[in-house]
$ cat query18.csv   # CSV, N, CA and C atoms
chain,number,residue,atom,x,y,z
A,23,MET,N,86.9,69.6,193.3
A,23,MET,CA,86.1,70.5,194.1
A,23,MET,C,85.0,69.7,194.8
A,24,LYS,N,84.9,70.0,196.1
A,24,LYS,CA,83.9,69.3,196.9
A,24,LYS,C,82.6,70.1,197.0
A,25,ILE,N,81.5,69.4,196.7
A,25,ILE,CA,80.2,70.1,196.7
A,25,ILE,C,79.8,70.7,198.1
A,26,GLU,N,80.3,70.0,199.1
A,26,GLU,CA,80.0,70.5,200.5
A,26,GLU,C,80.6,71.9,200.7
A,27,ASN,N,81.8,72.1,200.2
A,27,ASN,CA,82.4,73.4,200.4
A,27,ASN,C,81.6,74.5,199.7
A,28,THR,N,81.2,74.2,198.5
A,28,THR,CA,80.4,75.2,197.8
A,28,THR,C,79.0,75.5,198.5
A,29,LYS,N,78.4,74.4,199.0
A,29,LYS,CA,77.1,74.6,199.7
A,29,LYS,C,77.4,75.5,201.0
A,30,ALA,N,78.5,75.2,201.7
A,30,ALA,CA,78.8,76.0,202.9
A,30,ALA,C,79.0,77.5,202.5
A,31,GLN,N,79.7,77.7,201.5
A,31,GLN,CA,79.9,79.1,201.0
A,31,GLN,C,78.6,79.8,200.7
A,32,MET,N,77.7,79.1,200.0
A,32,MET,CA,76.4,79.7,199.7
A,32,MET,C,75.6,80.0,200.9
A,33,ARG,N,75.6,79.1,201.9
A,33,ARG,CA,74.9,79.4,203.2
A,33,ARG,C,75.5,80.6,203.9
A,34,LYS,N,76.9,80.6,203.9
A,34,LYS,CA,77.5,81.8,204.6
A,34,LYS,C,77.2,83.1,204.0
A,35,GLY,N,77.0,83.1,202.7
A,35,GLY,CA,76.7,84.3,201.9
A,35,GLY,C,75.4,84.9,202.3
A,36,VAL,N,74.4,84.1,202.8
A,36,VAL,CA,73.1,84.6,203.1
A,36,VAL,C,72.8,84.6,204.6
A,37,LEU,N,73.8,84.2,205.4
A,37,LEU,CA,73.5,84.1,206.8
A,37,LEU,C,73.2,85.4,207.5
A,38,GLU,N,73.9,86.5,207.2
A,38,GLU,CA,73.7,87.8,207.8
A,38,GLU,C,72.2,88.2,207.4
A,39,TYR,N,71.9,88.1,206.2
A,39,TYR,CA,70.5,88.4,205.7
A,39,TYR,C,69.5,87.6,206.5
A,40,CYS,N,69.7,86.4,206.7
A,40,CYS,CA,68.8,85.5,207.4
A,40,CYS,C,68.7,85.9,208.9
A,41,ILE,N,69.8,86.2,209.5
A,41,ILE,CA,69.7,86.7,210.9
A,41,ILE,C,68.9,88.0,211.0
A,42,LEU,N,69.2,88.9,210.2
A,42,LEU,CA,68.4,90.2,210.2
A,42,LEU,C,66.9,89.9,210.0
A,43,SER,N,66.6,89.0,209.1
A,43,SER,CA,65.2,88.6,208.8
A,43,SER,C,64.6,88.0,210.0
A,44,VAL,N,65.3,87.1,210.7
A,44,VAL,CA,64.7,86.5,211.9
A,44,VAL,C,64.3,87.6,212.9
A,45,LEU,N,65.1,88.6,213.0
A,45,LEU,CA,64.9,89.7,214.0
A,45,LEU,C,63.9,90.8,213.5
A,46,LYS,N,63.4,90.7,212.4
A,46,LYS,CA,62.6,91.8,211.8
A,46,LYS,C,61.3,92.1,212.6
A,47,ASP,N,60.7,91.2,213.3
A,47,ASP,CA,59.5,91.4,214.0
A,47,ASP,C,59.7,91.5,215.5
A,48,ASP,N,60.6,90.7,216.0
A,48,ASP,CA,60.8,90.6,217.5
A,48,ASP,C,62.2,90.4,217.8
A,49,ASP,N,62.6,90.9,219.0
A,49,ASP,CA,63.9,90.6,219.5
A,49,ASP,C,64.0,89.1,219.8
A,50,ALA,N,65.2,88.6,219.8
A,50,ALA,CA,65.4,87.2,220.1
A,50,ALA,C,66.8,86.9,220.7
A,51,TYR,N,66.9,85.9,221.5
A,51,TYR,CA,68.2,85.5,222.0
A,51,TYR,C,68.8,84.4,221.2
A,52,VAL,N,70.1,84.2,221.3
A,52,VAL,CA,70.8,83.3,220.4
A,52,VAL,C,70.2,82.0,220.2
A,53,ALA,N,69.7,81.3,221.2
A,53,ALA,CA,69.1,80.0,221.1
A,53,ALA,C,67.9,80.1,220.1
A,54,GLU,N,67.1,81.1,220.3
A,54,GLU,CA,65.9,81.3,219.4
A,54,GLU,C,66.4,81.5,217.9
A,55,ILE,N,67.4,82.3,217.7
A,55,ILE,CA,67.9,82.6,216.4
A,55,ILE,C,68.4,81.3,215.8
A,56,LEU,N,69.2,80.5,216.5
A,56,LEU,CA,69.7,79.3,216.1
A,56,LEU,C,68.6,78.3,215.7
A,57,ASP,N,67.6,78.2,216.6
A,57,ASP,CA,66.5,77.3,216.3
A,57,ASP,C,65.8,77.6,215.0
A,58,THR,N,65.6,78.9,214.8
A,58,THR,CA,64.9,79.3,213.6
A,58,THR,C,65.7,79.0,212.4
A,59,LEU,N,67.0,79.2,212.4
A,59,LEU,CA,67.9,78.9,211.3
A,59,LEU,C,68.0,77.4,211.1
A,60,LYS,N,68.0,76.7,212.1
A,60,LYS,CA,68.1,75.2,212.0
A,60,LYS,C,66.8,74.6,211.4
A,61,ASP,N,65.7,75.2,211.9
A,61,ASP,CA,64.4,74.8,211.3
A,61,ASP,C,64.3,75.0,209.8
A,62,ALA,N,65.0,76.0,209.3
A,62,ALA,CA,65.1,76.3,207.9
A,62,ALA,C,66.2,75.6,207.2
A,63,LYS,N,66.8,74.6,207.9
A,63,LYS,CA,67.9,73.8,207.3
A,63,LYS,C,69.2,74.5,207.1
A,64,LEU,N,69.3,75.7,207.7
A,64,LEU,CA,70.6,76.4,207.7
A,64,LEU,C,71.4,75.9,208.8
A,65,LEU,N,72.5,75.2,208.5
A,65,LEU,CA,73.3,74.5,209.6
A,65,LEU,C,74.2,75.6,210.2
A,66,VAL,N,73.9,76.0,211.4
A,66,VAL,CA,74.7,77.1,212.0
A,66,VAL,C,75.0,76.6,213.4
A,67,VAL,N,76.2,76.9,213.9
A,67,VAL,CA,76.6,76.6,215.3
A,67,VAL,C,76.8,77.9,216.0
A,68,GLU,N,76.9,77.8,217.4
A,68,GLU,CA,77.1,79.0,218.2
A,68,GLU,C,78.4,79.7,217.8
A,69,GLY,N,79.4,79.0,217.5
A,69,GLY,CA,80.7,79.5,217.2
A,69,GLY,C,80.7,80.4,215.9
A,70,THR,N,79.7,80.2,215.1
A,70,THR,CA,79.5,80.9,213.8
A,70,THR,C,78.7,82.2,214.1
A,71,ILE,N,77.6,82.0,214.9
A,71,ILE,CA,76.7,83.1,215.0
A,71,ILE,C,77.2,84.3,215.9
A,72,TYR,N,77.9,84.0,216.9
A,72,TYR,CA,78.4,85.0,217.8
A,72,TYR,C,79.2,86.1,217.1
A,73,PRO,N,80.2,85.7,216.3
A,73,PRO,CA,81.0,86.7,215.6
A,73,PRO,C,80.1,87.5,214.6
A,74,LEU,N,79.1,86.9,214.0
A,74,LEU,CA,78.2,87.6,213.1
A,74,LEU,C,77.4,88.6,213.8
A,75,LEU,N,76.8,88.2,215.0
A,75,LEU,CA,76.0,89.1,215.8
A,75,LEU,C,76.9,90.3,216.2
A,76,THR,N,78.1,90.0,216.6
A,76,THR,CA,79.0,91.1,217.0
A,76,THR,C,79.3,92.1,215.9
A,77,ARG,N,79.5,91.5,214.7
A,77,ARG,CA,79.8,92.3,213.5
A,77,ARG,C,78.6,93.2,213.2
A,78,LEU,N,77.4,92.6,213.2
A,78,LEU,CA,76.2,93.3,212.9
A,78,LEU,C,75.9,94.4,213.9
A,79,LYS,N,76.2,94.1,215.2
A,79,LYS,CA,76.0,95.1,216.3
A,79,LYS,C,77.0,96.3,216.1
A,80,ASN,N,78.3,95.9,215.8
A,80,ASN,CA,79.3,97.0,215.6
A,80,ASN,C,79.0,97.8,214.4
A,81,ALA,N,78.3,97.3,213.4
A,81,ALA,CA,77.9,98.0,212.2
A,81,ALA,C,76.7,98.9,212.5
A,82,GLY,N,76.1,98.8,213.7
A,82,GLY,CA,75.0,99.6,214.0
A,82,GLY,C,73.7,99.1,213.5
A,83,LEU,N,73.7,97.8,213.1
A,83,LEU,CA,72.4,97.2,212.6
A,83,LEU,C,71.6,96.5,213.7
A,84,LEU,N,72.3,96.1,214.7
A,84,LEU,CA,71.7,95.4,215.9
A,84,LEU,C,72.0,96.1,217.2
A,85,ASN,N,71.1,95.9,218.1
A,85,ASN,CA,71.4,96.3,219.5
A,85,ASN,C,71.0,95.1,220.4
A,86,TYR,N,71.3,95.2,221.6
A,86,TYR,CA,70.9,94.1,222.5
A,86,TYR,C,70.6,94.6,223.9
A,87,ARG,N,69.9,93.8,224.6
A,87,ARG,CA,69.5,94.1,226.0
A,87,ARG,C,69.6,92.8,226.8
A,88,TRP,N,69.9,92.9,228.1
A,88,TRP,CA,69.9,91.7,228.9
A,88,TRP,C,68.5,91.6,229.6
A,89,GLU,N,68.1,90.4,229.7
A,89,GLU,CA,66.8,90.1,230.4
A,89,GLU,C,67.0,88.9,231.3
A,90,GLU,N,66.4,89.0,232.5
A,90,GLU,CA,66.5,87.9,233.4
A,90,GLU,C,65.7,86.7,232.9
A,91,SER,N,66.2,85.5,233.2
A,91,SER,CA,65.6,84.3,232.8
A,91,SER,C,65.1,83.5,234.0
A,92,THR,N,64.0,82.9,234.0
A,92,THR,CA,63.5,82.1,235.1
A,92,THR,C,64.2,80.7,235.1
A,93,SER,N,64.9,80.4,234.0
A,93,SER,CA,65.5,79.0,233.9
A,93,SER,C,67.0,79.1,233.7
A,94,GLY,N,67.6,80.1,234.3
A,94,GLY,CA,69.1,80.1,234.2
A,94,GLY,C,69.6,81.5,234.3
A,95,PRO,N,70.8,81.7,233.7
A,95,PRO,CA,71.4,83.1,233.7
A,95,PRO,C,70.6,84.1,232.8
A,96,PRO,N,70.9,85.3,233.0
A,96,PRO,CA,70.2,86.3,232.1
A,96,PRO,C,70.5,86.1,230.6
A,97,ARG,N,69.6,86.5,229.8
A,97,ARG,CA,69.7,86.2,228.3
A,97,ARG,C,69.9,87.6,227.6
A,98,LYS,N,70.8,87.5,226.6
A,98,LYS,CA,71.0,88.7,225.8
A,98,LYS,C,70.1,88.6,224.6
A,99,TYR,N,69.2,89.5,224.5
A,99,TYR,CA,68.2,89.6,223.4
A,99,TYR,C,68.7,90.6,222.4
A,100,TYR,N,68.7,90.2,221.1
A,100,TYR,CA,69.2,91.0,220.0
A,100,TYR,C,67.9,91.5,219.3
A,101,GLY,N,68.0,92.8,218.7
A,101,GLY,CA,67.0,93.4,217.9
A,101,GLY,C,67.6,94.3,216.9
A,102,LEU,N,66.8,94.6,215.9
A,102,LEU,CA,67.2,95.5,214.8
A,102,LEU,C,67.1,97.0,215.3
A,103,THR,N,68.1,97.7,214.9
A,103,THR,CA,68.1,99.2,215.1
A,103,THR,C,67.3,99.8,213.9
A,104,GLU,N,67.0,101.0,214.0
A,104,GLU,CA,66.4,101.7,212.8
A,104,GLU,C,67.2,101.5,211.6
A,105,THR,N,68.5,101.7,211.8
A,105,THR,CA,69.5,101.5,210.6
A,105,THR,C,69.4,100.1,210.1
A,106,GLY,N,69.3,99.1,211.1
A,106,GLY,CA,69.2,97.7,210.7
A,106,GLY,C,67.9,97.4,209.9
A,107,LYS,N,66.8,98.1,210.3
A,107,LYS,CA,65.5,97.9,209.6
A,107,LYS,C,65.7,98.4,208.1
A,108,LEU,N,66.3,99.6,208.0
A,108,LEU,CA,66.5,100.1,206.6
A,108,LEU,C,67.4,99.2,205.8
A,109,PHE,N,68.5,98.7,206.5
A,109,PHE,CA,69.4,97.8,205.8
A,109,PHE,C,68.7,96.6,205.3
A,110,LEU,N,67.9,96.0,206.2
A,110,LEU,CA,67.2,94.8,205.8
A,110,LEU,C,66.2,95.0,204.7
A,111,LYS,N,65.6,96.2,204.7
A,111,LYS,CA,64.7,96.5,203.6
A,111,LYS,C,65.4,96.6,202.2
A,112,GLU,N,66.6,97.1,202.2
A,112,GLU,CA,67.5,97.2,201.0
A,112,GLU,C,67.9,95.7,200.7
A,113,LEU,N,68.3,94.9,201.7
A,113,LEU,CA,68.7,93.6,201.4
A,113,LEU,C,67.5,92.8,200.8
A,114,ASN,N,66.3,93.0,201.2
A,114,ASN,CA,65.1,92.3,200.7
A,114,ASN,C,65.0,92.6,199.2
A,115,THR,N,65.2,93.8,198.8
A,115,THR,CA,65.2,94.2,197.4
A,115,THR,C,66.3,93.5,196.6
A,116,THR,N,67.5,93.6,197.2
A,116,THR,CA,68.6,92.9,196.5
A,116,THR,C,68.4,91.4,196.4
A,117,TRP,N,67.9,90.8,197.5
A,117,TRP,CA,67.7,89.4,197.4
A,117,TRP,C,66.7,89.0,196.3
A,118,SER,N,65.6,89.8,196.2
A,118,SER,CA,64.6,89.5,195.2
A,118,SER,C,65.2,89.7,193.8
A,119,GLU,N,66.0,90.7,193.6
A,119,GLU,CA,66.7,90.9,192.3
A,119,GLU,C,67.6,89.7,192.0
A,120,LEU,N,68.4,89.3,193.0
A,120,LEU,CA,69.4,88.3,192.8
A,120,LEU,C,68.6,86.9,192.5
A,121,GLN,N,67.6,86.7,193.3
A,121,GLN,CA,66.8,85.5,193.1
A,121,GLN,C,66.2,85.4,191.6
A,122,ASN,N,65.7,86.5,191.2
A,122,ASN,CA,65.2,86.6,189.8
A,122,ASN,C,66.3,86.4,188.8
A,123,ALA,N,67.4,87.0,189.0
A,123,ALA,CA,68.5,86.8,188.0
A,123,ALA,C,69.0,85.4,188.0
A,124,VAL,N,69.2,84.7,189.2
A,124,VAL,CA,69.6,83.4,189.2
A,124,VAL,C,68.6,82.4,188.6
A,125,ASN,N,67.3,82.7,188.8
A,125,ASN,CA,66.3,81.9,188.2
A,125,ASN,C,66.3,82.0,186.7
A,126,LEU,N,66.5,83.2,186.2
A,126,LEU,CA,66.6,83.4,184.7
A,126,LEU,C,67.7,82.6,184.1
A,127,VAL,N,68.9,82.7,184.8
A,127,VAL,CA,70.1,82.0,184.3
A,127,VAL,C,69.9,80.5,184.4
A,128,THR,N,69.5,80.0,185.5
A,128,THR,CA,69.4,78.6,185.7
A,128,THR,C,68.3,78.0,184.8
A,129,ARG,N,67.2,78.7,184.6
A,129,ARG,CA,66.1,78.2,183.7
A,129,ARG,C,66.6,78.1,182.3
A,130,LYS,N,67.3,79.1,181.8
A,130,LYS,CA,67.8,79.1,180.5
A,130,LYS,C,68.7,77.9,180.3
A,131,LYS,N,69.6,77.6,181.2
A,131,LYS,CA,70.5,76.5,181.1
A,131,LYS,C,69.7,75.2,181.1
A,132,SER,N,68.8,75.0,182.0
A,132,SER,CA,68.1,73.8,182.1
A,132,SER,C,67.1,73.5,180.9
A,133,ASN,N,66.6,74.6,180.4
A,133,ASN,CA,65.7,74.5,179.2
A,133,ASN,C,66.5,74.0,178.0
A,134,LYS,N,67.8,74.4,177.9
A,134,LYS,CA,68.6,74.0,176.8
A,134,LYS,C,69.0,72.5,176.9
A,135,ASN,N,69.1,72.0,178.1
A,135,ASN,CA,69.5,70.6,178.4
A,135,ASN,C,68.3,69.7,178.2
A,136,GLU,N,67.1,70.2,178.1
A,136,GLU,CA,65.9,69.3,178.0
A,136,GLU,C,65.7,68.8,176.6
$ encode --input "query18.csv" --output "structure tokens"
Amino acid sequence: MKIENTKAQMRKGVLEYCILSVLKDDDAYVAEILDTLKDAKLLVVEGTIYPLLTRLKNAGLLNYRWEESTSGPPRKYYGLTETGKLFLKELNTTWSELQNAVNLVTRKKSNKNE
């Protein structure tokens, strides 16, 4: 088993949550979303993010609007819908619970090994 495959699967598992979190305060266009994720060391490419954004939009969690750009073609800005805000709130709770559970399990294991 290759560690890189497992790492990639772990990142994919939290990517939707991270995208929704990026949009929690302000609308953003794809390049801004990608930059935020890359700054956080989440390796994401455009080919990965567009299908996720479409899926989140189709699920009613995101909406978008077109805005003219002074430096090129119009930009598509994504933002959370009210449903998306509620969904993110629930995911925040779930993430916290999951984080606590994983910390409990991994600490027990590492304490036994010390």
$ atom_distance --input "query18.csv" --atom1 "atom N of Glu54 of chain A" --atom2 "atom CA of Gly69 of chain A"
14.0 Å
$ closest_residue --input "query18.csv" --among "A:Met32, A:Ala62, A:Leu75, A:Leu102" --to "Asp49 of chain A" --atoms "only N, CA and C atoms"
A:Leu102
$ closest_residue --input "query18.csv" --among "A:Val36, A:Asp57, A:Glu26, A:Glu104" --to "Trp117 of chain A" --atoms "only C-alpha atoms"
A:Val36
$ select_by_dssp --input "query18.csv" --residues "chain A" --states "strand (DSSP E)" --output "list in words"
Ala50, Tyr51, Leu84, Asn85, Tyr86, Arg87, Trp88, Glu89, Glu90, Ser91, Gly94, Pro95, Pro96, Arg97, Lys98, Tyr99, Tyr100, Gly101 and Leu102 of chain A
$ select_by_dssp --input "query18.csv" --residues "chain A" --states "alpha helix (DSSP H)" --output "ChimeraX atom specification"
/A:25-44,52-61,68-80,104-135
$ residues_around --input "query18.csv" --residues "Leu83 of chain A" --least-positions-apart "2" --cutoff "6.5 Å" --atoms "all atoms listed in the file" --output "PyMOL selection string"
chain A and resi 78-81+85+101-107
$ closest_residue --input "query18.csv" --among "A:Asn27, A:Thr58, A:Gln121, A:Thr128" --to "Ile41 of chain A" --atoms "only C-alpha atoms"
A:Thr58
$ decode --input "query18.csv" --residues "segment 48-129 of chain A" --atoms "C-alpha atoms" --output "compact mmCIF listing (two decimals), in the first residue's frame"
# COMPACT_ATOMS: atom_id res chain seq x y z
CA ASP A 48 -17.45 35.87 1.47
CA ASP A 49 -18.12 34.81 -2.07
CA ALA A 50 -15.04 33.80 -4.03
CA TYR A 51 -14.06 32.77 -7.53
CA VAL A 52 -12.23 29.55 -8.29
CA ALA A 53 -8.71 31.00 -8.29
CA GLU A 54 -9.29 32.46 -4.80
CA ILE A 55 -10.67 29.16 -3.51
CA LEU A 56 -7.70 27.27 -4.99
CA ASP A 57 -5.20 29.74 -3.49
CA THR A 58 -6.75 29.39 -0.04
CA LEU A 59 -6.66 25.60 -0.25
CA LYS A 60 -3.09 25.59 -1.56
CA ASP A 61 -1.99 27.97 1.22
CA ALA A 62 -3.36 25.38 3.65
CA LYS A 63 -1.28 22.67 1.91
CA LEU A 64 -4.33 20.99 0.38
CA LEU A 65 -3.10 20.07 -3.06
CA VAL A 66 -6.01 20.75 -5.38
CA VAL A 67 -6.16 21.39 -9.11
CA GLU A 68 -8.84 23.01 -11.24
CA GLY A 69 -9.86 19.65 -12.67
CA THR A 70 -10.77 18.51 -9.15
CA ILE A 71 -12.51 21.62 -7.88
CA TYR A 72 -14.94 22.28 -10.75
CA PRO A 73 -16.83 18.97 -10.40
CA LEU A 74 -17.01 19.52 -6.62
CA LEU A 75 -18.39 23.04 -7.04
CA THR A 76 -20.95 21.77 -9.54
CA ARG A 77 -22.01 18.97 -7.18
CA LEU A 78 -22.31 21.40 -4.25
CA LYS A 79 -24.33 23.82 -6.43
CA ASN A 80 -26.62 21.04 -7.66
CA ALA A 81 -27.17 19.99 -4.04
CA GLY A 82 -28.40 23.51 -3.28
CA LEU A 83 -25.45 24.36 -1.02
CA LEU A 84 -23.84 26.92 -3.34
CA ASN A 85 -25.00 29.54 -5.77
CA TYR A 86 -22.98 31.65 -8.16
CA ARG A 87 -23.01 34.98 -9.92
CA TRP A 88 -21.00 36.40 -12.79
CA GLU A 89 -18.98 39.55 -12.21
CA GLU A 90 -17.04 41.58 -14.74
CA SER A 91 -13.27 41.61 -14.28
CA THR A 92 -10.94 44.48 -15.09
CA SER A 93 -8.19 41.99 -15.92
CA GLY A 94 -9.88 39.54 -18.27
CA PRO A 95 -13.12 37.66 -18.81
CA PRO A 96 -16.01 37.76 -16.31
CA ARG A 97 -15.52 35.72 -13.16
CA LYS A 98 -17.93 33.26 -11.61
CA TYR A 99 -18.20 33.94 -7.88
CA TYR A 100 -19.46 31.15 -5.65
CA GLY A 101 -21.23 31.66 -2.32
CA LEU A 102 -23.13 29.67 0.26
CA THR A 103 -26.90 29.46 0.11
CA GLU A 104 -28.89 29.47 3.36
CA THR A 105 -29.05 25.69 3.04
CA GLY A 106 -25.27 25.66 2.55
CA LYS A 107 -24.77 27.71 5.73
CA LEU A 108 -26.87 25.25 7.73
CA PHE A 109 -25.07 22.32 6.13
CA LEU A 110 -21.69 23.83 7.03
CA LYS A 111 -22.82 24.40 10.60
CA GLU A 112 -23.69 20.70 10.86
CA LEU A 113 -20.37 19.72 9.26
CA ASN A 114 -18.52 21.90 11.80
CA THR A 115 -20.12 19.88 14.59
CA THR A 116 -19.38 16.59 12.85
CA TRP A 117 -15.77 17.62 12.18
CA SER A 118 -15.26 18.54 15.83
CA GLU A 119 -16.69 15.20 16.98
CA LEU A 120 -14.58 13.29 14.45
CA GLN A 121 -11.45 15.19 15.40
CA ASN A 122 -12.02 14.43 19.08
CA ALA A 123 -12.66 10.75 18.37
CA VAL A 124 -9.53 10.40 16.22
CA ASN A 125 -7.45 12.21 18.83
CA LEU A 126 -8.70 9.85 21.52
CA VAL A 127 -7.90 6.77 19.47
CA THR A 128 -4.50 7.93 18.26
CA ARG A 129 -3.41 9.15 21.69
